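Structure record follows, encoded as structure tokens.
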Amino acid sequence: MAIVTTKAIVLSALKFGDTSLIVKCYTQEEGVKSYLVRGILKPKKSGLKAAYFQPLTQLRIVANHNNKNTLNSIKEVQVIHPYKTFHTDIVKQSVVLFLSEVLSSSIQEEEQNSALYKYLETAFIWLDMHDKVANFHLLFLLNLTGFLGFYPDTSEINKKGFDLLDGVFSDNIYEKNVISKNDFNQFKKLLGIIFDTLENVTYSKVERQLVLQVIIQYFKLHLGNFRTPKSLQVLETVFS
């Protein structure tokens, strides 16, 4: 067992027994880690607070990490970027819930990935600080594929379709996993965009849902364990 001090982003917190939580985090030092936080739901509990473990909260933790595939424990917690808008904005709440589910399902590695951690940290601070966020989740997910190893190969971007299985542009638009026409055109709008120019990309409600379904299918084809997030329906409702 080792005592580790690391930044961590909360992915999920599940109630365990009557008073405890099992918290899954993406840590800067060691990738995905799960912790048993005992007694945190007791009334008048001093020290650690359940509010620290809301989805996507950015923490600095001191934790006991063991190497036996059992739950780890947290000794100290500090919130290092208190979000200003996530708790009051219903749209952002829905985006946060959705993205925490996606990340829980798509990131499995218990190893350091500094570039991915920095991306998550920066993206969530951007989301907290900006108002026009209707397309944030789309670009966030597309960028995430780069860290997971299947960002679209744009070397032949002028072809008529995109093969979701192979991650390449293709003229074989009648193949099973190739998107073309409107699906393809809407998906293609996101390529090469950064968050600061995101408001220049316009989607109708129907187009936004279409692109999200395409991206979810893309994740499913490349990540064997990926499940459609339960919060997807809520997300589609708030952007109606």
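Chains: A, B, ... in order of the structure tokens. Residues: from 1 per chain. Ligands: from 1, in order shown.
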Exercise. Which neighbours of Leu14 in chain A fall inside 8 Å, counting only C-alpha atoms, when residues of the same chain fewer than 6 positions from it are skipped, and could you give them as a ChimeraX atom specification?
Worked result: /A:21-23
Using only C-alpha atoms, tabulate the residues of range 173-204 of chain A lying at most 12 Å from any atom of range 116-123 of chain A, each with its closest atom pair and that distance in Å to one decimal, by chain and increasing residue number, as JSON lines.
{"residue": "A:Ile194", "atom": "CA", "partner": "A:Ala123", "partner_atom": "CA", "distance": 10.5}
{"residue": "A:Phe195", "atom": "CA", "partner": "A:Ala123", "partner_atom": "CA", "distance": 8.2}
{"residue": "A:Asp196", "atom": "CA", "partner": "A:Ala123", "partner_atom": "CA", "distance": 10.7}
Exercise. So how far away is CA of His130 in chain A from CA of Thr57 in chain A, in Å?
Worked result: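 Straight-line distance from CA of Thr57 in chain A to CA of His130 in chain A works out to 17.0 Å.
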Seminar exercise, completed: From the list A:Val91, A:Ile61, A:Ile40, A:Ala8, the nearest residue to Lys132 in chain A using only C-alpha atoms is A:Val91
For this session: Within 9 Å of Pro152 in chain A, counting only C-alpha atoms, which residues show up once you throw out same-chain ones fewer than 3 positions away? Write them as a VMD selection string, please.
Result: chain A and resid 142 145 to 146 162 164 166 to 169 191
